[in-house]
Amino acid sequence: MSKEESIFEFGHSMRSKFLLDSDYIPLNHGSFGTFPKVVQEAFREYQDKVETNPDKFIRRDLIPEMCKAREAVAKFINAETNEVVFVQNTTTGINTVLKSLKYEEGDKLLYFSTVYVSIRKTLEFIRETYAGKVELIEIEVNYPISDDDLIDKLDKVIKEEQQKPNTKIKLAVIDAISSNPGVIVPIQRMIPILRQNDILSIVDGAHSIGQIPLNIREIEPDFFVTNCHKWLYTARSSAILYVSYKYQEKIHPLVTGMFSHEGFVSEFSWTGAQDVSSFLTIHTALEFRKKIGGEEMIQNYCKKLAIEGGNLIASILGTEIIGPESIIPSMVNIRLPIPTSNEEFTEAKFLDLMFNKYNFSVVVFKHNKYWYIRASAQIYTDLNDFEKVGYIVKEICDSFKTM
Ligand SMILES: Cc1ncc(COP(=O)(O)O)c(C=O)c1O
């Protein structure tokens, strides 16, 4: 659909399609997402429908409805329906894969230092469970860094580790878009390197679907998890776990249900009674996205706004954003003029001011000796929101500098 064909203007007027408070400046879609009113309506309709006859819905309709939803989302990412199952969120999906796999003495698990904290803790859990047998290998990465340098680092660590006797890198957990900083990671270049070295690729794509184009057949990961409730606008909690056919027999849900050992898709279709309405909102979310202009239009608007808005905030603060533009998705990372050596500045104090005094949201984090904020662009935000947040954050930073 071309811009002329869309009857919707992105930016402030889109706020009426969402449930967000009118006096709140929402520049953190990235953490938990939010969904439009039409999705909320569909979500509640499913819940209401189930209660009209729970027995019939759960015994007869639930599995076919879930199958239709898997079919729609699989098509969207160019995967086969039976390669994807629903899980509640990315944390569950990555836990599912890491805890299903079996480990042997000398196995090593590889990841970058920018890994999401829950995933790092899951890797540490595996190391503790297989005490003395499994080792974690962390590749330190500090932005700004070029894709070439990132790939070189990966290549170098793999070569060094593979030369050591009696050990093997079993798997690597890589982000498609990392969290802090929120940047695109060149997984399409990393996965072939992992494959050549017989290392399983587990992609944490928490932020991928809806934020960047996602084509499983082009990426060819072994495992991929992505949250539909972040950038695709489905109700929370809904994520998909893709598992290549080659490994499906090895992967089981964290909770053993009545279809255990009846095949990958069946096992994940019932892990006890639960509300599956969030998964079923996938159709409404996809329809909404089409209606307002489609993937390209949504993603282009958000990326352009992230770059312009990020640069605007950086100019207000007298700092810079993490680039280059090619690694910026719909989130932008702006350095604060506050080094991490400033002990007065803490995340807790920043969040108190953000929620209680100013009513906006961004993520604040430490990276490479400085504090940064991560701001998300969305179809319901515009440059004006970034400008307002720029001046607020400047006021906050100035108050710490003068302490
Ligand atoms: C890279 C990354 N992985 C995993 C997660 C966890 O997602 P969830 O809380 O939906 O499990 C996040 C959350 O923001 C994330 O940014």
# chains A, B, ... in the order shown; residues from 1 in each chain; ligands from 1
>>> residues_near_ligand(ligand="ligand 1", cutoff="7 Å", atoms="only C-alpha atoms and all ligand atoms", output="MDAnalysis selection string")
chainID A and resid 30:32 89:92 115:116 118:119 175 177:179 204:207 227
>>> select_by_dssp(residues="stretch 122-337 of chain A", states="strand (DSSP E)", output="PyMOL selection string")
chain A and resi 135-139+168-175+200-204+223-227+239-243+331-337
>>> closest_residue(among="A:Lys68, A:Lys291, A:Lys369, A:Arg374", to="A:Ile313", atoms="only C-alpha atoms")
A:Arg374
>>> closest_residue(among="A:Glu83, A:Asn342, A:Ile126, A:Thr319", to="A:Lys246", atoms="only C-alpha atoms")
A:Glu83
>>> select_by_dssp(residues="stretch 108-222 of chain A", states="helix (DSSP H, G or I)", output="NGL selection string")
:A and (117-129 or 147-163 or 187-196 or 216-219)
>>> closest_residue(among="A:Leu280, A:Val332, A:Ile187, A:Ile94", to="A:Lys304", atoms="only C-alpha atoms")
A:Val332
>>> closest_atom_pairs(of="stretch 258-366 of chain A", to="stretch 383-390 of chain A", cutoff="8 Å", atoms="only C-alpha atoms", output="Markdown table")
| residue | atom | partner | partner_atom | distance |
| --- | --- | --- | --- | --- |
| A:Leu305 | CA | A:Leu383 | CA | 6.8 |
| A:Glu308 | CA | A:Leu383 | CA | 7.4 |
| A:Gly309 | CA | A:Phe386 | CA | 5.2 |
| A:Gly310 | CA | A:Phe386 | CA | 7.3 |
| A:Leu312 | CA | A:Glu387 | CA | 6.6 |
| A:Ile313 | CA | A:Gly390 | CA | 4.4 |
| A:Ala314 | CA | A:Gly390 | CA | 7.6 |
| A:Ile316 | CA | A:Gly390 | CA | 6.0 |
| A:Leu317 | CA | A:Gly390 | CA | 7.1 |
| A:Phe360 | CA | A:Val389 | CA | 7.3 |
>>> write_last_selection(atoms="C-alpha atoms", output="mmCIF file, in the first residue's frame")
data_model
loop_
_atom_site.group_PDB
_atom_site.id
_atom_site.type_symbol
_atom_site.label_atom_id
_atom_site.label_comp_id
_atom_site.auth_asym_id
_atom_site.auth_seq_id
_atom_site.Cartn_x
_atom_site.Cartn_y
_atom_site.Cartn_z
ATOM 1 C CA LEU A 305 11.488 8.821 13.586
ATOM 2 C CA GLU A 308 15.499 11.959 13.744
ATOM 3 C CA GLY A 309 14.155 11.869 17.281
ATOM 4 C CA GLY A 310 17.337 10.338 18.677
ATOM 5 C CA LEU A 312 17.185 15.690 18.294
ATOM 6 C CA ILE A 313 17.507 14.458 21.893
ATOM 7 C CA ALA A 314 21.277 14.089 21.450
ATOM 8 C CA ILE A 316 19.577 18.911 23.234
ATOM 9 C CA LEU A 317 21.911 16.949 25.529
ATOM 10 C CA PHE A 360 7.187 9.771 30.310
#
>>> residues_around(residues="A:His29", least_positions_apart="2", cutoff="9 Å", atoms="only C-alpha atoms", output="PyMOL selection string")
chain A and resi 26-27+31-34+230-231+331+361-362+375-378
>>> closest_residue(among="A:Leu232, A:Val243, A:Val225, A:Ile212", to="A:Val183", atoms="only C-alpha atoms")
A:Ile212
>>> residues_around(residues="stretch 155-161 of chain A", least_positions_apart="4", cutoff="12 Å", atoms="only C-alpha atoms", output="mmCIF file with N, CA and C atoms, in the first residue's frame")
data_model
loop_
_atom_site.group_PDB
_atom_site.id
_atom_site.type_symbol
_atom_site.label_atom_id
_atom_site.label_comp_id
_atom_site.auth_asym_id
_atom_site.auth_seq_id
_atom_site.Cartn_x
_atom_site.Cartn_y
_atom_site.Cartn_z
ATOM 1 N N GLY A 106 32.464 -30.656 29.010
ATOM 2 C CA GLY A 106 33.261 -29.933 28.020
ATOM 3 C C GLY A 106 32.430 -29.036 27.113
ATOM 4 N N ASP A 107 31.092 -29.083 27.280
ATOM 5 C CA ASP A 107 30.249 -28.222 26.440
ATOM 6 C C ASP A 107 30.386 -26.756 26.860
ATOM 7 N N LYS A 108 30.418 -25.895 25.855
ATOM 8 C CA LYS A 108 30.509 -24.457 26.137
ATOM 9 C C LYS A 108 29.320 -23.747 25.502
ATOM 10 N N LEU A 109 28.831 -22.734 26.190
ATOM 11 C CA LEU A 109 27.694 -21.967 25.697
ATOM 12 C C LEU A 109 28.160 -20.535 25.479
ATOM 13 N N LEU A 110 27.952 -20.057 24.268
ATOM 14 C CA LEU A 110 28.507 -18.763 23.852
ATOM 15 C C LEU A 110 27.430 -17.694 23.827
ATOM 16 N N TYR A 111 27.784 -16.479 24.218
ATOM 17 C CA TYR A 111 26.829 -15.357 24.129
ATOM 18 C C TYR A 111 27.607 -14.050 24.179
ATOM 19 N N PHE A 112 26.935 -12.968 23.807
ATOM 20 C CA PHE A 112 27.561 -11.634 23.863
ATOM 21 C C PHE A 112 27.212 -10.968 25.197
ATOM 22 N N GLU A 135 30.591 -24.803 30.550
ATOM 23 C CA GLU A 135 31.237 -23.503 30.757
ATOM 24 C C GLU A 135 30.539 -22.442 29.909
ATOM 25 N N LEU A 136 30.496 -21.220 30.415
ATOM 26 C CA LEU A 136 29.928 -20.117 29.623
ATOM 27 C C LEU A 136 31.064 -19.292 29.032
ATOM 28 N N ILE A 137 30.900 -18.900 27.781
ATOM 29 C CA ILE A 137 31.897 -18.043 27.142
ATOM 30 C C ILE A 137 31.194 -16.749 26.751
ATOM 31 N N GLU A 138 31.631 -15.653 27.360
ATOM 32 C CA GLU A 138 31.009 -14.360 27.045
ATOM 33 C C GLU A 138 31.925 -13.554 26.131
ATOM 34 N N ILE A 139 31.344 -13.043 25.045
ATOM 35 C CA ILE A 139 32.120 -12.168 24.159
ATOM 36 C C ILE A 139 31.751 -10.735 24.527
ATOM 37 N N GLU A 140 32.737 -9.984 24.993
ATOM 38 C CA GLU A 140 32.429 -8.616 25.408
ATOM 39 C C GLU A 140 32.233 -7.731 24.185
ATOM 40 N N ASP A 148 31.419 -5.557 10.986
ATOM 41 C CA ASP A 148 32.613 -6.339 10.628
ATOM 42 C C ASP A 148 33.413 -6.703 11.876
ATOM 43 N N ASP A 149 33.575 -5.729 12.779
ATOM 44 C CA ASP A 149 34.346 -5.998 14.003
ATOM 45 C C ASP A 149 33.628 -7.003 14.905
ATOM 46 N N LEU A 150 32.297 -6.911 14.901
ATOM 47 C CA LEU A 150 31.507 -7.844 15.715
ATOM 48 C C LEU A 150 31.687 -9.280 15.194
ATOM 49 N N ILE A 151 31.628 -9.399 13.877
ATOM 50 C CA ILE A 151 31.800 -10.717 13.248
ATOM 51 C C ILE A 151 33.220 -11.237 13.508
ATOM 52 N N PRO A 165 41.606 -28.626 23.709
ATOM 53 C CA PRO A 165 41.250 -30.062 23.694
ATOM 54 C C PRO A 165 40.047 -30.377 24.599
ATOM 55 N N ASN A 166 39.305 -31.393 24.251
ATOM 56 C CA ASN A 166 38.196 -31.930 25.069
ATOM 57 C C ASN A 166 37.066 -30.950 25.365
ATOM 58 N N THR A 167 36.918 -29.951 24.534
ATOM 59 C CA THR A 167 35.782 -29.040 24.735
ATOM 60 C C THR A 167 35.122 -28.780 23.388
ATOM 61 N N LYS A 168 33.888 -28.303 23.479
ATOM 62 C CA LYS A 168 33.168 -28.005 22.241
ATOM 63 C C LYS A 168 32.152 -26.897 22.509
ATOM 64 N N ILE A 169 32.083 -25.902 21.615
ATOM 65 C CA ILE A 169 31.012 -24.908 21.777
ATOM 66 C C ILE A 169 29.747 -25.578 21.254
ATOM 67 N N LYS A 170 28.799 -25.798 22.168
ATOM 68 C CA LYS A 170 27.591 -26.514 21.770
ATOM 69 C C LYS A 170 26.584 -25.572 21.109
ATOM 70 N N LEU A 171 26.463 -24.381 21.686
ATOM 71 C CA LEU A 171 25.445 -23.478 21.174
ATOM 72 C C LEU A 171 25.848 -22.033 21.402
ATOM 73 N N ALA A 172 25.180 -21.149 20.650
ATOM 74 C CA ALA A 172 25.361 -19.709 20.870
ATOM 75 C C ALA A 172 23.985 -19.075 20.954
ATOM 76 N N ARG A 189 24.760 -12.836 9.190
ATOM 77 C CA ARG A 189 26.170 -13.155 8.938
ATOM 78 C C ARG A 189 26.708 -14.111 10.008
ATOM 79 N N MET A 190 26.094 -14.090 11.179
ATOM 80 C CA MET A 190 26.608 -14.923 12.280
ATOM 81 C C MET A 190 26.191 -16.384 12.144
ATOM 82 N N ILE A 191 24.946 -16.593 11.732
ATOM 83 C CA ILE A 191 24.414 -17.970 11.722
ATOM 84 C C ILE A 191 25.225 -18.902 10.814
ATOM 85 N N PRO A 192 25.613 -18.479 9.588
ATOM 86 C CA PRO A 192 26.439 -19.386 8.769
ATOM 87 C C PRO A 192 27.769 -19.733 9.445
ATOM 88 N N ILE A 193 28.342 -18.784 10.189
ATOM 89 C CA ILE A 193 29.616 -19.067 10.890
ATOM 90 C C ILE A 193 29.379 -20.124 11.967
ATOM 91 N N LEU A 194 28.259 -19.975 12.681
ATOM 92 C CA LEU A 194 27.938 -20.955 13.727
ATOM 93 C C LEU A 194 27.721 -22.328 13.097
ATOM 94 N N ARG A 195 26.971 -22.332 11.987
ATOM 95 C CA ARG A 195 26.659 -23.616 11.336
ATOM 96 C C ARG A 195 27.939 -24.309 10.875
ATOM 97 N N GLN A 196 28.844 -23.510 10.248
ATOM 98 C CA GLN A 196 30.107 -24.104 9.758
ATOM 99 C C GLN A 196 30.902 -24.743 10.892
ATOM 100 N N ASN A 197 30.715 -24.205 12.104
ATOM 101 C CA ASN A 197 31.470 -24.715 13.252
ATOM 102 C C ASN A 197 30.661 -25.688 14.099
ATOM 103 N N ASP A 198 29.527 -26.138 13.547
ATOM 104 C CA ASP A 198 28.700 -27.128 14.230
ATOM 105 C C ASP A 198 28.204 -26.615 15.596
ATOM 106 N N ILE A 199 27.832 -25.340 15.610
ATOM 107 C CA ILE A 199 27.327 -24.710 16.845
ATOM 108 C C ILE A 199 25.849 -24.388 16.625
#
>>> closest_residue(among="A:Ile216, A:Leu154, A:Met354, A:Val364", to="A:Arg335", atoms="only C-alpha atoms")
A:Val364
>>> closest_residue(among="A:Ile338, A:Ala69, A:Ile307, A:Met258", to="A:Trp371", atoms="only C-alpha atoms")
A:Ile338
>>> residues_around(residues="A:Ile251", least_positions_apart="5", cutoff="9 Å", atoms="only C-alpha atoms", output="list of chain:residue names")
A:Thr96, A:Val97, A:Lys99, A:Ser100, A:Leu101, A:Val243, A:Phe264
>>> residues_around(residues="stretch 103-105 of chain A", least_positions_apart="4", cutoff="8 Å", atoms="only C-alpha atoms", output="JSON, numbers by chain")
{"A": [130, 132, 133, 134, 167]}
>>> write_last_selection(atoms="N, CA and C atoms", output="PDB file, in the first residue's frame")
ATOM      1  N   TYR A 130      24.631 -28.218  35.561  1.00  0.00           N
ATOM      2  CA  TYR A 130      25.650 -29.167  35.072  1.00  0.00           C
ATOM      3  C   TYR A 130      27.014 -28.780  35.683  1.00  0.00           C
ATOM      4  N   GLY A 132      30.448 -27.932  36.895  1.00  0.00           N
ATOM      5  CA  GLY A 132      31.761 -28.481  36.562  1.00  0.00           C
ATOM      6  C   GLY A 132      31.859 -29.054  35.161  1.00  0.00           C
ATOM      7  N   LYS A 133      30.724 -29.176  34.474  1.00  0.00           N
ATOM      8  CA  LYS A 133      30.755 -29.790  33.132  1.00  0.00           C
ATOM      9  C   LYS A 133      30.610 -28.743  32.023  1.00  0.00           C
ATOM     10  N   VAL A 134      29.744 -27.759  32.298  1.00  0.00           N
ATOM     11  CA  VAL A 134      29.411 -26.787  31.253  1.00  0.00           C
ATOM     12  C   VAL A 134      30.042 -25.439  31.580  1.00  0.00           C
ATOM     13  N   THR A 167      36.918 -29.951  24.534  1.00  0.00           N
ATOM     14  CA  THR A 167      35.782 -29.040  24.735  1.00  0.00           C
ATOM     15  C   THR A 167      35.122 -28.780  23.388  1.00  0.00           C
TER      16      THR A 167
END
>>> residues_around(residues="A:Lys357", least_positions_apart="5", cutoff="12 Å", atoms="only C-alpha atoms", output="compact mmCIF listing (two decimals) with N, CA and C atoms, in the first residue's frame")
# COMPACT_ATOMS: atom_id res chain seq x y z
N TYR A 24 0.66 11.25 28.96
CA TYR A 24 1.86 10.42 29.17
C TYR A 24 2.65 10.39 27.86
N LYS A 349 16.71 6.42 40.83
CA LYS A 349 16.36 7.85 40.95
C LYS A 349 15.77 8.36 39.64
N PHE A 350 16.37 7.92 38.53
CA PHE A 350 15.88 8.35 37.22
C PHE A 350 14.42 7.89 37.04
N LEU A 351 14.16 6.63 37.39
CA LEU A 351 12.80 6.09 37.20
C LEU A 351 11.79 6.79 38.10
N ASP A 352 12.21 7.13 39.32
CA ASP A 352 11.30 7.87 40.21
C ASP A 352 10.88 9.19 39.57
N ILE A 392 13.22 17.27 29.05
CA ILE A 392 13.02 16.71 30.40
C ILE A 392 14.31 16.01 30.85
N VAL A 393 14.86 15.18 29.94
CA VAL A 393 16.07 14.41 30.32
C VAL A 393 17.24 15.37 30.59
N GLU A 395 16.94 18.34 31.86
CA GLU A 395 16.69 18.89 33.20
C GLU A 395 17.13 17.87 34.28
N ILE A 396 16.81 16.60 34.03
CA ILE A 396 17.19 15.56 35.00
C ILE A 396 18.72 15.47 35.09
>>> decode(residues="stretch 175-220 of chain A", atoms="N, CA and C atoms", output="PDB file, in the first residue's frame")
ATOM      1  N   ASP A 175      21.286 -12.240  19.952  1.00  0.00           N
ATOM      2  CA  ASP A 175      20.112 -11.382  19.819  1.00  0.00           C
ATOM      3  C   ASP A 175      19.939 -10.966  18.371  1.00  0.00           C
ATOM      4  N   ALA A 176      18.690 -10.873  17.914  1.00  0.00           N
ATOM      5  CA  ALA A 176      18.443 -10.299  16.591  1.00  0.00           C
ATOM      6  C   ALA A 176      18.490  -8.777  16.707  1.00  0.00           C
ATOM      7  N   ILE A 177      17.885  -8.285  17.787  1.00  0.00           N
ATOM      8  CA  ILE A 177      18.011  -6.870  18.177  1.00  0.00           C
ATOM      9  C   ILE A 177      18.298  -6.931  19.668  1.00  0.00           C
ATOM     10  N   SER A 178      19.434  -6.398  20.079  1.00  0.00           N
ATOM     11  CA  SER A 178      19.737  -6.487  21.513  1.00  0.00           C
ATOM     12  C   SER A 178      18.898  -5.469  22.274  1.00  0.00           C
ATOM     13  N   SER A 179      18.887  -5.660  23.586  1.00  0.00           N
ATOM     14  CA  SER A 179      18.019  -4.825  24.414  1.00  0.00           C
ATOM     15  C   SER A 179      18.703  -3.516  24.792  1.00  0.00           C
ATOM     16  N   ASN A 180      19.836  -3.624  25.435  1.00  0.00           N
ATOM     17  CA  ASN A 180      20.578  -2.436  25.868  1.00  0.00           C
ATOM     18  C   ASN A 180      22.022  -2.540  25.426  1.00  0.00           C
ATOM     19  N   PRO A 181      22.431  -1.859  24.401  1.00  0.00           N
ATOM     20  CA  PRO A 181      21.642  -0.935  23.607  1.00  0.00           C
ATOM     21  C   PRO A 181      20.701  -1.660  22.645  1.00  0.00           C
ATOM     22  N   GLY A 182      19.649  -0.957  22.240  1.00  0.00           N
ATOM     23  CA  GLY A 182      18.686  -1.525  21.293  1.00  0.00           C
ATOM     24  C   GLY A 182      19.175  -1.339  19.863  1.00  0.00           C
ATOM     25  N   VAL A 183      19.908  -2.302  19.363  1.00  0.00           N
ATOM     26  CA  VAL A 183      20.480  -2.201  18.013  1.00  0.00           C
ATOM     27  C   VAL A 183      20.311  -3.522  17.255  1.00  0.00           C
ATOM     28  N   ILE A 184      20.304  -3.430  15.932  1.00  0.00           N
ATOM     29  CA  ILE A 184      20.203  -4.629  15.094  1.00  0.00           C
ATOM     30  C   ILE A 184      21.556  -5.347  15.085  1.00  0.00           C
ATOM     31  N   VAL A 185      21.512  -6.650  15.319  1.00  0.00           N
ATOM     32  CA  VAL A 185      22.728  -7.472  15.340  1.00  0.00           C
ATOM     33  C   VAL A 185      22.769  -8.258  14.014  1.00  0.00           C
ATOM     34  N   PRO A 186      23.945  -8.363  13.389  1.00  0.00           N
ATOM     35  CA  PRO A 186      23.996  -9.024  12.072  1.00  0.00           C
ATOM     36  C   PRO A 186      23.893 -10.552  12.159  1.00  0.00           C
ATOM     37  N   ILE A 187      22.728 -11.053  12.585  1.00  0.00           N
ATOM     38  CA  ILE A 187      22.596 -12.510  12.764  1.00  0.00           C
ATOM     39  C   ILE A 187      22.691 -13.257  11.446  1.00  0.00           C
ATOM     40  N   GLN A 188      22.311 -12.553  10.368  1.00  0.00           N
ATOM     41  CA  GLN A 188      22.360 -13.244   9.071  1.00  0.00           C
ATOM     42  C   GLN A 188      23.797 -13.592   8.670  1.00  0.00           C
ATOM     43  N   ARG A 189      24.760 -12.836   9.190  1.00  0.00           N
ATOM     44  CA  ARG A 189      26.170 -13.155   8.938  1.00  0.00           C
ATOM     45  C   ARG A 189      26.708 -14.111  10.008  1.00  0.00           C
ATOM     46  N   MET A 190      26.094 -14.090  11.179  1.00  0.00           N
ATOM     47  CA  MET A 190      26.608 -14.923  12.280  1.00  0.00           C
ATOM     48  C   MET A 190      26.191 -16.384  12.144  1.00  0.00           C
ATOM     49  N   ILE A 191      24.946 -16.593  11.732  1.00  0.00           N
ATOM     50  CA  ILE A 191      24.414 -17.970  11.722  1.00  0.00           C
ATOM     51  C   ILE A 191      25.225 -18.902  10.814  1.00  0.00           C
ATOM     52  N   PRO A 192      25.613 -18.479   9.588  1.00  0.00           N
ATOM     53  CA  PRO A 192      26.439 -19.386   8.769  1.00  0.00           C
ATOM     54  C   PRO A 192      27.769 -19.733   9.445  1.00  0.00           C
ATOM     55  N   ILE A 193      28.342 -18.784  10.189  1.00  0.00           N
ATOM     56  CA  ILE A 193      29.616 -19.067  10.890  1.00  0.00           C
ATOM     57  C   ILE A 193      29.379 -20.124  11.967  1.00  0.00           C
ATOM     58  N   LEU A 194      28.259 -19.975  12.681  1.00  0.00           N
ATOM     59  CA  LEU A 194      27.938 -20.955  13.727  1.00  0.00           C
ATOM     60  C   LEU A 194      27.721 -22.328  13.097  1.00  0.00           C
ATOM     61  N   ARG A 195      26.971 -22.332  11.987  1.00  0.00           N
ATOM     62  CA  ARG A 195      26.659 -23.616  11.336  1.00  0.00           C
ATOM     63  C   ARG A 195      27.939 -24.309  10.875  1.00  0.00           C
ATOM     64  N   GLN A 196      28.844 -23.510  10.248  1.00  0.00           N
ATOM     65  CA  GLN A 196      30.107 -24.104   9.758  1.00  0.00           C
ATOM     66  C   GLN A 196      30.902 -24.743  10.892  1.00  0.00           C
ATOM     67  N   ASN A 197      30.715 -24.205  12.104  1.00  0.00           N
ATOM     68  CA  ASN A 197      31.470 -24.715  13.252  1.00  0.00           C
ATOM     69  C   ASN A 197      30.661 -25.688  14.099  1.00  0.00           C
ATOM     70  N   ASP A 198      29.527 -26.138  13.547  1.00  0.00           N
ATOM     71  CA  ASP A 198      28.700 -27.128  14.230  1.00  0.00           C
ATOM     72  C   ASP A 198      28.204 -26.615  15.596  1.00  0.00           C
ATOM     73  N   ILE A 199      27.832 -25.340  15.610  1.00  0.00           N
ATOM     74  CA  ILE A 199      27.327 -24.710  16.845  1.00  0.00           C
ATOM     75  C   ILE A 199      25.849 -24.388  16.625  1.00  0.00           C
ATOM     76  N   LEU A 200      25.004 -24.787  17.565  1.00  0.00           N
ATOM     77  CA  LEU A 200      23.569 -24.512  17.424  1.00  0.00           C
ATOM     78  C   LEU A 200      23.305 -23.015  17.575  1.00  0.00           C
ATOM     79  N   SER A 201      22.423 -22.469  16.729  1.00  0.00           N
ATOM     80  CA  SER A 201      22.087 -21.038  16.842  1.00  0.00           C
ATOM     81  C   SER A 201      20.723 -20.871  17.500  1.00  0.00           C
ATOM     82  N   ILE A 202      20.725 -20.175  18.628  1.00  0.00           N
ATOM     83  CA  ILE A 202      19.475 -19.879  19.339  1.00  0.00           C
ATOM     84  C   ILE A 202      19.314 -18.372  19.281  1.00  0.00           C
ATOM     85  N   VAL A 203      18.309 -17.920  18.527  1.00  0.00           N
ATOM     86  CA  VAL A 203      18.175 -16.472  18.360  1.00  0.00           C
ATOM     87  C   VAL A 203      17.140 -15.920  19.326  1.00  0.00           C
ATOM     88  N   ASP A 204      17.582 -14.957  20.137  1.00  0.00           N
ATOM     89  CA  ASP A 204      16.667 -14.204  20.979  1.00  0.00           C
ATOM     90  C   ASP A 204      16.164 -13.048  20.121  1.00  0.00           C
ATOM     91  N   GLY A 205      14.996 -13.288  19.540  1.00  0.00           N
ATOM     92  CA  GLY A 205      14.409 -12.267  18.649  1.00  0.00           C
ATOM     93  C   GLY A 205      13.263 -11.550  19.351  1.00  0.00           C
ATOM     94  N   ALA A 206      13.403 -11.346  20.669  1.00  0.00           N
ATOM     95  CA  ALA A 206      12.329 -10.725  21.466  1.00  0.00           C
ATOM     96  C   ALA A 206      11.733  -9.503  20.757  1.00  0.00           C
ATOM     97  N   HIS A 207      12.616  -8.704  20.149  1.00  0.00           N
ATOM     98  CA  HIS A 207      12.164  -7.436  19.544  1.00  0.00           C
ATOM     99  C   HIS A 207      11.918  -7.519  18.043  1.00  0.00           C
ATOM    100  N   SER A 208      12.044  -8.700  17.444  1.00  0.00           N
ATOM    101  CA  SER A 208      12.100  -8.736  15.972  1.00  0.00           C
ATOM    102  C   SER A 208      10.771  -8.553  15.262  1.00  0.00           C
ATOM    103  N   ILE A 209       9.825  -9.455  15.540  1.00  0.00           N
ATOM    104  CA  ILE A 209       8.640  -9.491  14.684  1.00  0.00           C
ATOM    105  C   ILE A 209       7.880  -8.158  14.776  1.00  0.00           C
ATOM    106  N   GLY A 210       7.654  -7.556  13.619  1.00  0.00           N
ATOM    107  CA  GLY A 210       6.956  -6.272  13.575  1.00  0.00           C
ATOM    108  C   GLY A 210       7.883  -5.078  13.609  1.00  0.00           C
ATOM    109  N   GLN A 211       9.123  -5.271  14.087  1.00  0.00           N
ATOM    110  CA  GLN A 211      10.050  -4.133  14.135  1.00  0.00           C
ATOM    111  C   GLN A 211      10.979  -4.117  12.930  1.00  0.00           C
ATOM    112  N   ILE A 212      11.415  -5.313  12.511  1.00  0.00           N
ATOM    113  CA  ILE A 212      12.266  -5.426  11.324  1.00  0.00           C
ATOM    114  C   ILE A 212      11.708  -6.572  10.465  1.00  0.00           C
ATOM    115  N   PRO A 213      12.010  -6.572   9.161  1.00  0.00           N
ATOM    116  CA  PRO A 213      11.539  -7.691   8.340  1.00  0.00           C
ATOM    117  C   PRO A 213      12.105  -8.997   8.891  1.00  0.00           C
ATOM    118  N   LEU A 214      11.274 -10.026   8.911  1.00  0.00           N
ATOM    119  CA  LEU A 214      11.707 -11.304   9.487  1.00  0.00           C
ATOM    120  C   LEU A 214      11.328 -12.436   8.539  1.00  0.00           C
ATOM    121  N   ASN A 215      12.355 -13.098   8.008  1.00  0.00           N
ATOM    122  CA  ASN A 215      12.130 -14.167   7.054  1.00  0.00           C
ATOM    123  C   ASN A 215      12.976 -15.372   7.491  1.00  0.00           C
ATOM    124  N   ILE A 216      12.307 -16.345   8.087  1.00  0.00           N
ATOM    125  CA  ILE A 216      13.016 -17.504   8.652  1.00  0.00           C
ATOM    126  C   ILE A 216      13.814 -18.258   7.587  1.00  0.00           C
ATOM    127  N   ARG A 217      13.251 -18.357   6.376  1.00  0.00           N
ATOM    128  CA  ARG A 217      13.943 -19.124   5.317  1.00  0.00           C
ATOM    129  C   ARG A 217      15.249 -18.446   4.921  1.00  0.00           C
ATOM    130  N   GLU A 218      15.304 -17.116   5.070  1.00  0.00           N
ATOM    131  CA  GLU A 218      16.563 -16.435   4.733  1.00  0.00           C
ATOM    132  C   GLU A 218      17.573 -16.548   5.872  1.00  0.00           C
ATOM    133  N   ILE A 219      17.078 -16.539   7.102  1.00  0.00           N
ATOM    134  CA  ILE A 219      18.003 -16.549   8.253  1.00  0.00           C
ATOM    135  C   ILE A 219      18.482 -17.972   8.569  1.00  0.00           C
ATOM    136  N   GLU A 220      17.564 -18.917   8.444  1.00  0.00           N
ATOM    137  CA  GLU A 220      17.861 -20.326   8.747  1.00  0.00           C
ATOM    138  C   GLU A 220      18.494 -20.576  10.113  1.00  0.00           C
TER     139      GLU A 220
END
